[in-house]
>>> print(open('query.cif').read())   # mmCIF, C-alpha atoms and all ligand atoms
data_query
loop_
_atom_site.label_atom_id
_atom_site.label_comp_id
_atom_site.auth_asym_id
_atom_site.auth_seq_id
_atom_site.Cartn_x
_atom_site.Cartn_y
_atom_site.Cartn_z
CA MET A 264 0.00 0.00 0.00
CA ILE A 265 1.05 3.57 -0.53
CA GLY A 266 0.97 5.71 2.59
CA PRO A 267 -0.99 8.96 3.03
CA LYS A 268 -0.26 11.65 0.48
CA SER A 269 2.99 13.37 1.48
CA ARG A 270 3.95 16.98 0.81
CA ARG A 271 6.84 15.75 -1.30
CA THR A 272 6.19 15.74 -5.04
CA ARG A 273 5.13 12.26 -6.11
CA ILE A 274 6.99 11.07 -9.18
CA VAL A 275 6.47 7.76 -10.91
CA LEU A 276 9.61 6.98 -12.90
CA GLY A 277 9.08 4.60 -15.80
CA VAL A 278 12.25 2.92 -17.02
CA THR A 279 12.40 1.12 -20.37
CA GLY A 280 15.18 -0.99 -21.84
CA SER A 281 18.02 1.05 -23.27
CA ILE A 282 21.74 1.38 -22.81
CA ALA A 283 20.74 4.63 -21.04
CA SER A 284 18.67 2.72 -18.44
CA TYR A 285 21.47 3.07 -15.90
CA LYS A 286 21.10 6.85 -16.07
CA ALA A 287 17.61 6.49 -14.56
CA VAL A 288 19.29 5.51 -11.28
CA ASP A 289 20.95 8.90 -11.05
CA LEU A 290 17.75 10.58 -12.19
CA ALA A 291 15.79 8.95 -9.35
CA ARG A 292 18.37 10.28 -6.87
CA TYR A 293 18.21 13.73 -8.44
CA PHE A 294 14.43 13.90 -7.97
CA MET A 295 14.66 12.58 -4.41
CA LYS A 296 17.32 15.13 -3.42
CA ARG A 297 15.00 17.88 -4.63
CA GLY A 298 12.07 16.93 -2.46
CA CYS A 299 10.35 14.23 -4.53
CA ASP A 300 9.11 10.77 -3.58
CA VAL A 301 9.93 8.38 -6.38
CA ARG A 302 8.29 5.05 -7.27
CA VAL A 303 9.78 3.07 -10.14
CA VAL A 304 8.04 0.99 -12.80
CA MET A 305 10.33 -1.02 -15.08
CA THR A 306 9.67 -2.85 -18.30
CA GLU A 307 11.05 -6.35 -18.57
CA SER A 308 13.77 -5.25 -20.97
CA ALA A 309 14.86 -2.51 -18.54
CA THR A 310 15.65 -5.22 -15.99
CA LYS A 311 18.23 -6.62 -18.44
CA PHE A 312 20.21 -3.39 -18.04
CA VAL A 313 19.65 -2.47 -14.35
CA THR A 314 18.37 -4.60 -11.50
CA PRO A 315 15.11 -3.68 -9.76
CA LEU A 316 17.02 -4.04 -6.50
CA THR A 317 19.09 -0.96 -7.36
CA PHE A 318 15.98 1.18 -7.63
CA GLN A 319 14.30 -0.49 -4.67
CA SER A 320 17.30 0.19 -2.39
CA LEU A 321 17.54 3.75 -3.59
CA THR A 322 13.87 4.70 -3.38
CA HIS A 323 13.12 2.53 -0.33
CA SER A 324 10.03 1.27 -2.18
CA PRO A 325 9.22 -1.87 -4.14
CA VAL A 326 9.61 -1.63 -7.88
CA THR A 327 6.62 -2.45 -10.08
CA LEU A 328 7.56 -4.92 -12.79
CA SER A 329 4.35 -6.52 -14.01
CA PHE A 330 0.65 -6.91 -13.30
CA TRP A 331 1.23 -10.40 -12.04
CA ASN A 332 3.13 -9.69 -8.84
CA GLU A 333 0.90 -6.85 -7.66
CA THR A 334 -0.61 -8.92 -4.87
CA ALA A 335 2.82 -9.67 -3.39
CA ALA A 336 3.49 -8.09 0.00
CA GLY A 337 4.51 -4.46 -0.32
CA ASN A 338 3.68 -4.22 -4.00
CA ILE A 339 1.60 -1.43 -5.44
CA GLY A 340 -1.22 -1.91 -7.92
CA HIS A 341 -0.73 -0.16 -11.23
CA ILE A 342 -3.96 1.81 -10.92
CA GLU A 343 -3.04 2.89 -7.42
CA LEU A 344 0.32 4.03 -8.74
CA ALA A 345 -1.33 5.88 -11.63
CA ASP A 346 -3.58 7.72 -9.14
CA TRP A 347 -0.73 8.45 -6.75
CA ALA A 348 1.50 10.08 -9.39
CA GLU A 349 1.77 13.84 -9.71
CA ALA A 350 3.92 13.21 -12.77
CA LEU A 351 4.85 10.15 -14.78
CA VAL A 352 8.38 10.48 -16.13
CA ILE A 353 9.47 7.89 -18.67
CA ALA A 354 13.25 8.03 -18.88
CA PRO A 355 14.74 6.56 -20.92
CA ALA A 356 11.83 6.05 -23.29
CA SER A 357 12.70 3.53 -26.03
CA ALA A 358 11.35 3.73 -29.59
CA ASP A 359 9.17 0.72 -28.80
CA CYS A 360 7.68 2.34 -25.70
CA ILE A 361 7.03 5.59 -27.59
CA ALA A 362 5.26 3.68 -30.38
CA LYS A 363 3.11 1.82 -27.87
CA LEU A 364 2.22 5.00 -25.99
CA THR A 365 0.82 6.48 -29.19
CA ILE A 366 -1.57 3.57 -29.73
CA GLY A 367 -2.59 3.22 -26.10
CA ALA A 368 -1.21 -0.26 -25.65
CA ALA A 369 -1.38 -1.58 -22.09
CA GLU A 370 0.61 -4.77 -22.29
CA SER A 371 3.09 -3.85 -19.54
CA ALA A 372 2.60 -2.33 -16.10
CA LEU A 373 4.36 0.86 -17.29
CA LEU A 374 2.07 1.28 -20.31
CA ALA A 375 -0.97 0.59 -18.13
CA VAL A 376 0.13 3.29 -15.66
CA ALA A 377 0.63 5.70 -18.59
CA LEU A 378 -2.87 4.94 -19.83
CA ALA A 379 -4.54 5.17 -16.44
CA THR A 380 -2.87 8.22 -14.96
CA ARG A 381 -4.27 11.73 -15.24
CA ALA A 382 -0.91 13.18 -14.20
CA PRO A 383 1.29 14.96 -16.76
CA LEU A 384 3.47 12.64 -18.81
CA ILE A 385 7.11 13.54 -19.44
CA ILE A 386 8.88 11.44 -22.04
CA ALA A 387 12.66 11.44 -22.38
CA PRO A 388 13.58 9.47 -25.51
CA ALA A 389 16.96 7.75 -25.80
CA MET A 390 17.89 5.57 -28.76
CA ASN A 391 20.12 5.12 -31.78
CA THR A 392 20.10 8.25 -33.93
CA ASN A 393 18.63 6.45 -36.98
CA MET A 394 15.82 4.97 -34.90
CA LEU A 395 15.07 8.45 -33.59
CA SER A 396 15.10 10.13 -36.98
CA HIS A 397 12.95 7.39 -38.54
CA PRO A 398 9.77 9.05 -39.83
CA GLN A 399 7.62 6.66 -37.79
CA THR A 400 9.38 7.58 -34.52
CA GLN A 401 9.19 11.25 -35.42
CA ASP A 402 5.46 10.93 -36.16
CA ASN A 403 4.97 9.14 -32.84
CA ILE A 404 6.82 11.84 -30.90
CA ALA A 405 4.86 14.55 -32.70
CA ALA A 406 1.60 12.76 -31.84
CA LEU A 407 2.51 12.55 -28.17
CA ARG A 408 3.52 16.21 -28.13
CA GLY A 409 0.27 17.07 -29.87
CA ARG A 410 -1.63 15.43 -27.02
CA GLY A 411 0.02 17.85 -24.62
CA HIS A 412 2.67 15.50 -23.27
CA THR A 413 6.14 16.90 -22.58
CA ILE A 414 9.11 15.64 -24.58
CA ALA A 415 12.48 16.12 -22.90
CA GLU A 416 14.41 16.35 -26.16
CA PRO A 417 17.35 13.98 -26.56
CA GLU A 418 20.79 15.50 -26.85
CA THR A 419 23.32 15.30 -29.64
CA GLY A 420 26.70 13.67 -29.10
CA GLU A 421 28.45 10.35 -28.99
CA LEU A 422 25.99 7.48 -28.59
CA ALA A 423 26.66 4.14 -26.91
CA CYS A 424 26.01 2.36 -30.21
CA GLY A 425 29.07 4.07 -31.68
CA TRP A 426 27.17 6.62 -33.76
CA VAL A 427 27.47 10.35 -33.30
CA GLY A 428 24.13 12.08 -33.57
CA THR A 429 20.96 12.92 -31.70
CA GLY A 430 19.55 10.31 -29.38
CA ARG A 431 21.34 10.67 -26.07
CA LEU A 432 19.08 10.92 -23.02
CA ALA A 433 18.46 14.52 -21.93
CA SER A 434 20.41 15.51 -18.82
CA ARG A 435 18.83 14.75 -15.45
CA ARG A 436 18.63 18.51 -14.81
CA GLU A 437 16.68 19.02 -18.04
CA ILE A 438 14.29 16.15 -17.28
CA TYR A 439 13.78 17.53 -13.77
CA LEU A 440 13.11 21.08 -15.05
CA GLN A 441 10.70 19.81 -17.71
CA THR A 442 8.87 17.80 -15.06
CA MET A 443 8.57 20.81 -12.75
CA ARG A 444 7.19 22.83 -15.65
CA ALA A 445 4.71 20.11 -16.57
CA ILE A 446 3.29 20.06 -13.04
CA GLY A 447 3.80 23.78 -12.41
CA PRO A 448 1.03 26.39 -12.08
CA ARG A 449 1.07 27.36 -15.80
CA ASP A 450 -0.01 30.88 -14.92
CA LEU A 451 2.51 32.29 -17.40
CA LEU A 452 1.69 29.90 -20.22
CA GLY A 453 1.70 31.70 -23.56
CA LYS A 454 3.54 34.73 -22.12
CA ARG A 455 6.86 35.95 -23.53
CA ILE A 456 9.27 37.14 -20.84
CA VAL A 457 12.63 38.76 -21.54
CA ILE A 458 15.03 38.96 -18.61
CA SER A 459 18.44 40.60 -18.32
CA ALA A 460 20.97 39.29 -15.82
CA GLY A 461 24.47 39.82 -14.51
CA PRO A 462 26.94 42.67 -14.89
CA THR A 463 28.08 44.44 -18.02
CA ARG A 464 31.76 44.95 -18.81
CA GLU A 465 32.96 48.23 -20.24
CA MET A 466 36.37 47.71 -21.78
CA ILE A 467 39.19 50.17 -21.07
CA ASP A 468 41.82 48.42 -23.14
CA PRO A 469 42.23 44.78 -24.29
CA VAL A 470 42.98 43.60 -20.73
CA ARG A 471 41.00 45.86 -18.36
CA TYR A 472 37.37 46.72 -17.88
CA ILE A 473 34.89 48.47 -15.57
CA SER A 474 32.26 46.15 -14.09
CA ASN A 475 30.48 45.38 -10.82
CA ARG A 476 29.83 42.55 -8.35
CA SER A 477 26.60 41.22 -9.86
CA SER A 478 26.60 37.39 -10.07
CA GLY A 479 23.45 37.13 -12.19
CA LYS A 480 21.89 34.67 -9.72
CA MET A 481 18.68 36.71 -9.36
CA GLY A 482 18.21 36.80 -13.14
CA LEU A 483 18.89 33.06 -13.42
CA ALA A 484 16.35 32.36 -10.65
CA LEU A 485 13.76 34.54 -12.40
CA ALA A 486 14.36 32.77 -15.72
CA THR A 487 14.04 29.31 -14.13
CA GLU A 488 10.88 30.26 -12.25
CA ALA A 489 9.26 31.91 -15.29
CA HIS A 490 10.00 28.78 -17.33
CA ARG A 491 8.52 26.56 -14.59
CA ARG A 492 5.33 28.59 -14.74
CA GLY A 493 4.97 28.06 -18.47
CA ALA A 494 6.47 31.24 -19.95
CA SER A 495 8.56 31.39 -23.07
CA VAL A 496 11.77 32.91 -21.70
CA THR A 497 14.72 34.78 -23.21
CA LEU A 498 17.70 35.59 -21.01
CA VAL A 499 20.05 38.38 -22.07
CA HIS A 500 23.08 38.00 -19.86
CA GLY A 501 26.43 39.57 -19.16
CA PRO A 502 29.47 37.46 -18.22
CA ILE A 503 28.12 35.09 -15.53
CA VAL A 504 28.42 31.46 -14.51
CA GLY A 505 25.46 29.11 -14.07
CA ILE A 506 23.90 29.38 -17.53
CA ALA A 507 24.19 25.58 -17.88
CA SER A 508 21.69 25.16 -15.03
CA LEU A 509 18.92 26.60 -17.24
CA SER A 510 16.49 24.52 -19.24
CA ARG A 511 17.41 24.22 -22.89
CA ASP A 512 14.01 25.79 -23.64
CA ILE A 513 15.31 29.13 -22.44
CA ARG A 514 16.78 31.22 -25.22
CA ARG A 515 20.06 32.81 -24.16
CA MET A 516 21.88 35.83 -25.57
CA ALA A 517 25.34 36.49 -24.22
CA VAL A 518 26.46 40.13 -24.24
CA THR A 519 29.35 42.03 -22.73
CA SER A 520 28.80 45.79 -22.75
CA ALA A 521 25.78 47.92 -21.83
CA ALA A 522 25.43 48.91 -25.51
CA GLU A 523 25.22 45.24 -26.53
CA MET A 524 22.73 44.56 -23.76
CA SER A 525 20.61 47.49 -24.91
CA ASP A 526 20.50 46.22 -28.51
CA ALA A 527 19.67 42.68 -27.39
CA MET A 528 16.96 43.76 -24.93
CA LYS A 529 15.29 46.14 -27.39
CA GLY A 530 15.34 43.51 -30.15
CA CYS A 531 13.97 40.75 -27.92
CA VAL A 532 11.29 42.92 -26.33
CA ALA A 533 10.08 44.21 -29.71
CA GLY A 534 9.82 40.65 -31.07
CA GLY A 535 9.53 40.31 -34.83
CA ARG A 536 10.39 37.34 -37.06
CA GLY A 537 7.22 35.54 -36.02
CA GLU A 538 7.50 36.58 -32.38
CA THR A 539 5.07 38.93 -30.70
CA GLU A 540 6.14 41.83 -28.50
CA ALA A 541 7.21 40.59 -25.06
CA ASP A 542 4.55 40.54 -22.36
CA VAL A 543 7.10 41.26 -19.63
CA ALA A 544 10.66 42.63 -19.57
CA ILE A 545 12.66 42.33 -16.37
CA MET A 546 15.88 44.32 -16.05
CA ALA A 547 17.66 42.33 -13.36
CA ALA A 548 21.08 43.15 -14.81
CA ALA A 549 23.47 45.51 -13.07
CA VAL A 550 24.20 47.73 -16.04
CA ALA A 551 27.29 49.93 -15.81
CA ASP A 552 26.20 53.56 -15.72
CA TYR A 553 29.41 54.78 -17.38
CA ARG A 554 31.93 53.52 -19.90
CA PRO A 555 35.35 54.81 -20.91
CA ALA A 556 35.04 57.52 -23.57
CA THR A 557 37.40 55.53 -25.78
CA ILE A 558 38.62 51.94 -25.75
CA ASP A 559 42.38 51.81 -26.19
CA ALA A 560 43.40 49.39 -28.94
CA ASN A 561 46.59 48.51 -27.03
CA LYS A 562 47.27 47.81 -23.38
CA ILE A 563 47.75 51.11 -21.56
CA LYS A 564 51.30 51.10 -20.26
CA LYS A 565 52.46 52.51 -16.94
CA GLY A 566 53.85 56.01 -17.38
CA PRO A 567 55.41 58.68 -15.20
CA SER A 568 51.99 60.07 -14.18
CA VAL A 569 48.72 58.43 -13.04
CA PRO A 570 46.40 58.27 -16.05
CA THR A 571 42.91 59.75 -15.93
CA LEU A 572 40.01 57.82 -17.43
CA PRO A 573 37.39 60.04 -19.09
CA LEU A 574 33.94 58.41 -18.87
CA VAL A 575 30.73 58.88 -20.80
CA GLU A 576 27.27 57.93 -19.64
CA ASN A 577 25.67 54.71 -20.84
CA GLU A 578 22.12 54.59 -22.04
CA ASP A 579 19.61 53.73 -19.31
CA ILE A 580 18.11 50.62 -20.91
CA LEU A 581 15.11 50.34 -18.59
CA LYS A 582 14.27 54.00 -19.16
CA SER A 583 14.52 53.55 -22.93
CA LEU A 584 12.22 50.52 -22.78
CA GLY A 585 9.80 52.59 -20.69
CA GLN A 586 9.89 55.52 -23.08
CA VAL A 587 6.91 54.25 -25.01
CA GLY A 588 3.90 55.75 -23.23
CA VAL A 589 2.32 53.47 -20.62
CA ALA A 590 -1.03 53.71 -22.39
CA ASN A 591 0.15 52.14 -25.65
CA ARG A 592 2.90 49.94 -24.27
CA LYS A 593 2.13 46.25 -24.23
CA THR A 594 5.22 45.10 -22.35
CA MET A 595 5.13 45.21 -18.56
CA LEU A 596 8.43 46.66 -17.33
CA VAL A 597 10.10 45.46 -14.16
CA GLY A 598 13.32 46.96 -12.86
CA PHE A 599 15.51 46.62 -9.81
CA ALA A 600 16.95 49.27 -7.53
CA VAL A 601 20.17 48.52 -5.70
CA GLU A 602 20.89 50.84 -2.79
CA THR A 603 23.14 50.95 0.25
CA GLY A 604 20.99 52.94 2.73
CA THR A 605 18.18 52.00 5.10
CA HIS A 606 15.13 50.15 3.84
CA GLU A 607 13.06 53.37 4.09
CA GLN A 608 15.54 55.11 1.78
CA LEU A 609 15.46 52.10 -0.50
CA VAL A 610 11.67 52.16 -0.82
CA ALA A 611 11.70 55.93 -1.40
CA GLU A 612 14.39 55.55 -4.09
CA ALA A 613 12.50 52.65 -5.71
CA LYS A 614 9.40 54.88 -5.97
CA VAL A 615 11.46 57.61 -7.61
CA LYS A 616 12.93 55.11 -10.11
CA LEU A 617 9.43 53.77 -10.83
CA GLY A 618 8.37 57.21 -12.12
CA ARG A 619 11.69 58.24 -13.65
CA LYS A 620 12.10 55.07 -15.67
CA GLY A 621 8.43 54.52 -16.54
CA ALA A 622 8.47 51.02 -15.00
CA ASP A 623 5.46 49.12 -13.68
CA ILE A 624 7.34 47.45 -10.84
CA ILE A 625 10.66 48.20 -9.14
CA VAL A 626 12.19 45.56 -6.91
CA GLY A 627 14.28 47.29 -4.28
CA ASN A 628 17.18 45.46 -2.68
CA ARG A 629 20.23 46.37 -0.68
CA ALA A 630 23.73 45.73 -1.99
CA GLU A 631 24.71 44.06 1.29
CA ASP A 632 21.80 41.57 1.04
CA ALA A 633 22.10 40.81 -2.65
CA PHE A 634 25.65 40.67 -3.99
CA ASP A 635 27.45 37.31 -4.16
CA LYS A 636 24.67 35.65 -2.19
CA GLY A 637 22.21 32.83 -2.80
CA THR A 638 19.67 34.75 -0.70
CA ASN A 639 18.19 38.24 -0.79
CA GLN A 640 15.46 40.35 0.78
CA VAL A 641 13.44 42.72 -1.35
CA TRP A 642 10.74 45.36 -1.32
CA ILE A 643 8.45 45.12 -4.35
CA VAL A 644 7.23 48.60 -5.23
CA SER A 645 4.48 49.42 -7.72
CA ALA A 646 2.28 52.46 -8.27
CA ASP A 647 -0.74 52.88 -5.97
CA GLU A 648 0.19 49.87 -3.83
CA GLU A 649 1.92 49.39 -0.50
CA PRO A 650 5.48 48.07 -0.90
CA LEU A 651 5.60 44.33 -0.41
CA HIS A 652 8.49 43.16 1.76
CA ILE A 653 9.86 39.67 1.13
CA GLU A 654 12.09 38.64 4.01
CA THR A 655 15.52 37.08 3.51
CA SER A 656 14.97 33.94 1.45
CA ALA A 657 16.64 31.91 -1.28
CA LYS A 658 16.69 33.80 -4.59
CA ARG A 659 14.42 31.04 -5.93
CA VAL A 660 11.79 32.09 -3.37
CA ILE A 661 12.30 35.80 -4.12
CA ALA A 662 11.87 35.03 -7.84
CA ARG A 663 8.61 33.27 -7.04
CA ALA A 664 7.28 36.29 -5.11
CA ILE A 665 8.27 38.71 -7.91
CA LEU A 666 6.56 36.54 -10.53
CA ASP A 667 3.47 36.21 -8.30
CA LYS A 668 3.26 39.99 -8.36
CA ILE A 669 3.77 40.08 -12.15
CA VAL A 670 1.04 37.46 -12.69
CA MET A 671 -1.32 39.47 -10.50
CA ARG A 672 -0.70 42.65 -12.48
CA LEU A 673 -1.02 40.83 -15.82
CA ARG A 674 -4.42 39.55 -14.65
CA GLN A 675 -5.44 43.06 -13.61
CA LEU A 676 -4.43 44.37 -17.04
CA THR A 677 -6.40 41.64 -18.79
CA SER A 678 -9.52 42.27 -16.74
CA CYS A 679 -9.15 46.04 -17.44
CA GLU A 680 -8.92 45.33 -21.19
CA LEU A 681 -12.01 43.12 -21.00
CA THR A 682 -14.07 45.79 -19.25
CA HIS A 683 -13.11 48.51 -21.77
N1 LIG A 701 19.46 50.13 -15.54
C1 LIG A 701 19.45 50.16 -16.93
N2 LIG A 701 20.42 50.82 -17.60
C2 LIG A 701 21.39 51.47 -16.94
C3 LIG A 701 21.42 51.45 -15.52
C4 LIG A 701 20.42 50.78 -14.86
O1 LIG A 701 18.56 49.57 -17.53
N3 LIG A 701 22.32 52.10 -17.63
C5 LIG A 701 18.38 49.41 -14.86
C6 LIG A 701 18.84 48.29 -13.97
O2 LIG A 701 18.87 47.07 -14.68
C7 LIG A 701 17.78 48.27 -12.89
C8 LIG A 701 17.37 49.72 -12.77
O3 LIG A 701 17.75 50.33 -14.00
O4 LIG A 701 16.66 47.52 -13.28
C9 LIG A 701 17.96 50.49 -11.62
O5 LIG A 701 19.34 50.32 -11.57
P1 LIG A 701 20.19 51.00 -10.41
O6 LIG A 701 21.63 50.68 -10.65
O7 LIG A 701 19.61 50.70 -9.09
O8 LIG A 701 19.89 52.52 -10.63
P2 LIG A 701 20.49 53.61 -11.54
O9 LIG A 701 19.45 54.01 -12.53
O10 LIG A 701 21.80 53.18 -12.11
O11 LIG A 701 20.66 54.83 -10.54
P3 LIG A 701 21.70 55.01 -9.33
O12 LIG A 701 22.94 54.26 -9.74
O13 LIG A 701 21.86 56.47 -9.25
O14 LIG A 701 21.02 54.45 -8.12
#
>>> encode(input="query.cif", output="structure tokens", more="lines below")
Ligand code: CTP
Amino acid sequence: MIGPKSRRTRIVLGVTGSIASYKAVDLARYFMKRGCDVRVVMTESATKFVTPLTFQSLTHSPVTLSFWNETAAGNIGHIELADWAEALVIAPASADCIAKLTIGAAESALLAVALATRAPLIIAPAMNTNMLSHPQTQDNIAALRGRGHTIAEPETGELACGWVGTGRLASRREIYLQTMRAIGPRDLLGKRIVISAGPTREMIDPVRYISNRSSGKMGLALATEAHRRGASVTLVHGPIVGIASLSRDIRRMAVTSAAEMSDAMKGCVAGGRGETEADVAIMAAAVADYRPATIDANKIKKGPSVPTLPLVENEDILKSLGQVGVANRKTMLVGFAVETGTHEQLVAEAKVKLGRKGADIIVGNRAEDAFDKGTNQVWIVSADEEPLHIETSAKRVIARAILDKIVMRLRQLTSCELTH
């Protein structure tokens, strides 16, 4: 029997037979470490690659192998498992399994769970590149996607069969992120969000630059959270680490200087080439306010006197994006304000920046709370509303609160449009 519903996310992991089956062991651990309860269902061919005992020891739960041993002590009925699941993740999913999913076959316990569950289905194909590119497999994958199931796209690289091509199981991080999105709130589904993150670098000469302490973690957290909630996300980022932690769904644009960031942000927000104008733009980047008036082509050498560095002002990107009148602007603009004073001064400054930059929301934070940290505390300031204080929390939690606020305002805008 399965115990009472726990607060941990309940994942049923379906494992089919593939040379990638062993990777499902690591995947199960990855889910468990991130607050999930995992129950495993294996096809018979999967047991040729990994033993059920491995999964059983790891998940501390019996592994479901067939209909016929369901009455054995400790075993879980396939319907019970289907009802228990918050998500069914099939990883690796073989070509055979994918084909059978499309026709609704129920010959194995895994297929029966897939047929019976109402939970989102996440399919992570892994197979030989020719099997994957076969028109039948492609049709099958397209059919499953068309039914609203999530496909964690296989990666390209060296395959166990000796071929180089597409067919390698998606990374455990990608499968996890796709699963979280599939079971997420979907309150940003269909929305385009463009986020800037990290510092800019303003070159002085080929070896030196002006920059700041921004790590980009807040922007990365916002991008991950927006993706989880269903948005289509573009991240325009300065030189930062951690980009690899993002889902492959997130479009990335690497820039260096403020001028490059400005071009990228304006282009992405405006859309074009089949894309609509962005619904939301979040300037989480710490853009350098000044740049050297000229960039020296050669390294500046030490001389008899201390050199002076003439600076010119950079464009204020947020302000430029806000220049289009609020009445005819479609994109909601969100900025940050980094200050070093008291929280009262911070809120006052955030209100000033709200008006000066034509933003809809300014997230105020203090340099001492934000820089180089995995946590932050913020005051979310918007016109005609009391500032909302979010106490010191992980940047993931802060990102959630900021996006809650954005979703609320998007809903208000939609209801305003409907009543006019
Ligand atoms: N910002 C921008 N372009 C700039 C400078 C800042 O788009 N050249 C954006 C930041 O991304 C942030 C907001 O404006 O969303 C506020 O940035 P902040 O550094 O706090 O304020 P500044 O406008 O630079 O003003 P000050 O440095 O005087 O506080």
>>> atom_distance(input="query.cif", atom1="atom CA of Ala358 of chain A", atom2="atom CA of Arg436 of chain A")
22.1 Å
>>> residues_near_point(input="query.cif", point="(38.7, 53.1, -21.2)", cutoff="12 Å", atoms="all atoms listed in the file", output="ChimeraX atom specification")
/A:464-474,553-563,570-575
>>> write_last_selection(input="query.cif", atoms="C-alpha atoms", output="CSV table (one decimal), in the coordinates of the input")
chain,number,residue,atom,x,y,z
A,464,ARG,CA,31.8,45.0,-18.8
A,465,GLU,CA,33.0,48.2,-20.2
A,466,MET,CA,36.4,47.7,-21.8
A,467,ILE,CA,39.2,50.2,-21.1
A,468,ASP,CA,41.8,48.4,-23.1
A,469,PRO,CA,42.2,44.8,-24.3
A,470,VAL,CA,43.0,43.6,-20.7
A,471,ARG,CA,41.0,45.9,-18.4
A,472,TYR,CA,37.4,46.7,-17.9
A,473,ILE,CA,34.9,48.5,-15.6
A,474,SER,CA,32.3,46.2,-14.1
A,553,TYR,CA,29.4,54.8,-17.4
A,554,ARG,CA,31.9,53.5,-19.9
A,555,PRO,CA,35.4,54.8,-20.9
A,556,ALA,CA,35.0,57.5,-23.6
A,557,THR,CA,37.4,55.5,-25.8
A,558,ILE,CA,38.6,51.9,-25.8
A,559,ASP,CA,42.4,51.8,-26.2
A,560,ALA,CA,43.4,49.4,-28.9
A,561,ASN,CA,46.6,48.5,-27.0
A,562,LYS,CA,47.3,47.8,-23.4
A,563,ILE,CA,47.8,51.1,-21.6
A,570,PRO,CA,46.4,58.3,-16.0
A,571,THR,CA,42.9,59.8,-15.9
A,572,LEU,CA,40.0,57.8,-17.4
A,573,PRO,CA,37.4,60.0,-19.1
A,574,LEU,CA,33.9,58.4,-18.9
A,575,VAL,CA,30.7,58.9,-20.8
>>> residues_around(input="query.cif", residues="Thr539 of chain A", least_positions_apart="4", cutoff="12 Å", atoms="all atoms listed in the file", output="compact mmCIF listing (two decimals) with C-alpha atoms, in the coordinates of the input")
# COMPACT_ATOMS: atom_id res chain seq x y z
CA GLY A 453 1.70 31.70 -23.56
CA LYS A 454 3.54 34.73 -22.12
CA ARG A 455 6.86 35.95 -23.53
CA ILE A 456 9.27 37.14 -20.84
CA VAL A 457 12.63 38.76 -21.54
CA SER A 495 8.56 31.39 -23.07
CA GLY A 530 15.34 43.51 -30.15
CA CYS A 531 13.97 40.75 -27.92
CA VAL A 532 11.29 42.92 -26.33
CA ALA A 533 10.08 44.21 -29.71
CA GLY A 534 9.82 40.65 -31.07
CA GLY A 535 9.53 40.31 -34.83
CA VAL A 543 7.10 41.26 -19.63
CA LYS A 593 2.13 46.25 -24.23
CA THR A 594 5.22 45.10 -22.35
>>> atom_distance(input="query.cif", atom1="atom CA of Thr605 of chain A", atom2="atom CA of Gly482 of chain A")
23.7 Å
>>> residues_around(input="query.cif", residues="Thr413 of chain A", least_positions_apart="4", cutoff="9 Å", atoms="only C-alpha atoms", output="ChimeraX atom specification")
/A:383-387,407-408,441-442,445
>>> axis_aligned_box(input="query.cif", around="ligand LIG 701 (chain A)", padding_each_side="6 Å", output="lines of an AutoDock Vina configuration file")
center_x = 19.8
center_y = 51.8
center_z = -12.9
size_x = 18.3
size_y = 21.4
size_z = 21.5
>>> residues_near_ligand(input="query.cif", ligand="ligand LIG 701 (chain A)", cutoff="8 Å", atoms="all atoms listed in the file", output="NGL selection string")
:A and (459 or 521 or 525 or 545-553 or 576-583 or 597-602 or 612 or 616 or 620 or 625 or 627)
>>> atom_distance(input="query.cif", atom1="atom CA of Arg270 of chain A", atom2="atom CA of His490 of chain A")
22.5 Å
>>> closest_residue(input="query.cif", among="A:Lys480, A:Glu648, A:Asp623, A:Arg663", to="Asp635 of chain A", atoms="all atoms listed in the file")
A:Lys480
>>> residues_around(input="query.cif", residues="Leu673 of chain A", least_positions_apart="4", cutoff="12 Å", atoms="only C-alpha atoms", output="PyMOL selection string")
chain A and resi 450-451+454+542-543+593-596+623-624+666-669+677-680
>>> closest_residue(input="query.cif", among="A:His606, A:Arg592, A:Lys296, A:Arg449", to="Gly493 of chain A", atoms="all atoms listed in the file")
A:Arg449
>>> closest_residue(input="query.cif", among="A:Leu395, A:Ile366, A:Val660, A:Val352", to="Thr487 of chain A", atoms="all atoms listed in the file")
A:Val660
>>> residues_around(input="query.cif", residues="Asn403 of chain A", least_positions_apart="3", cutoff="7 Å", atoms="all atoms listed in the file", output="count of residues only")
7
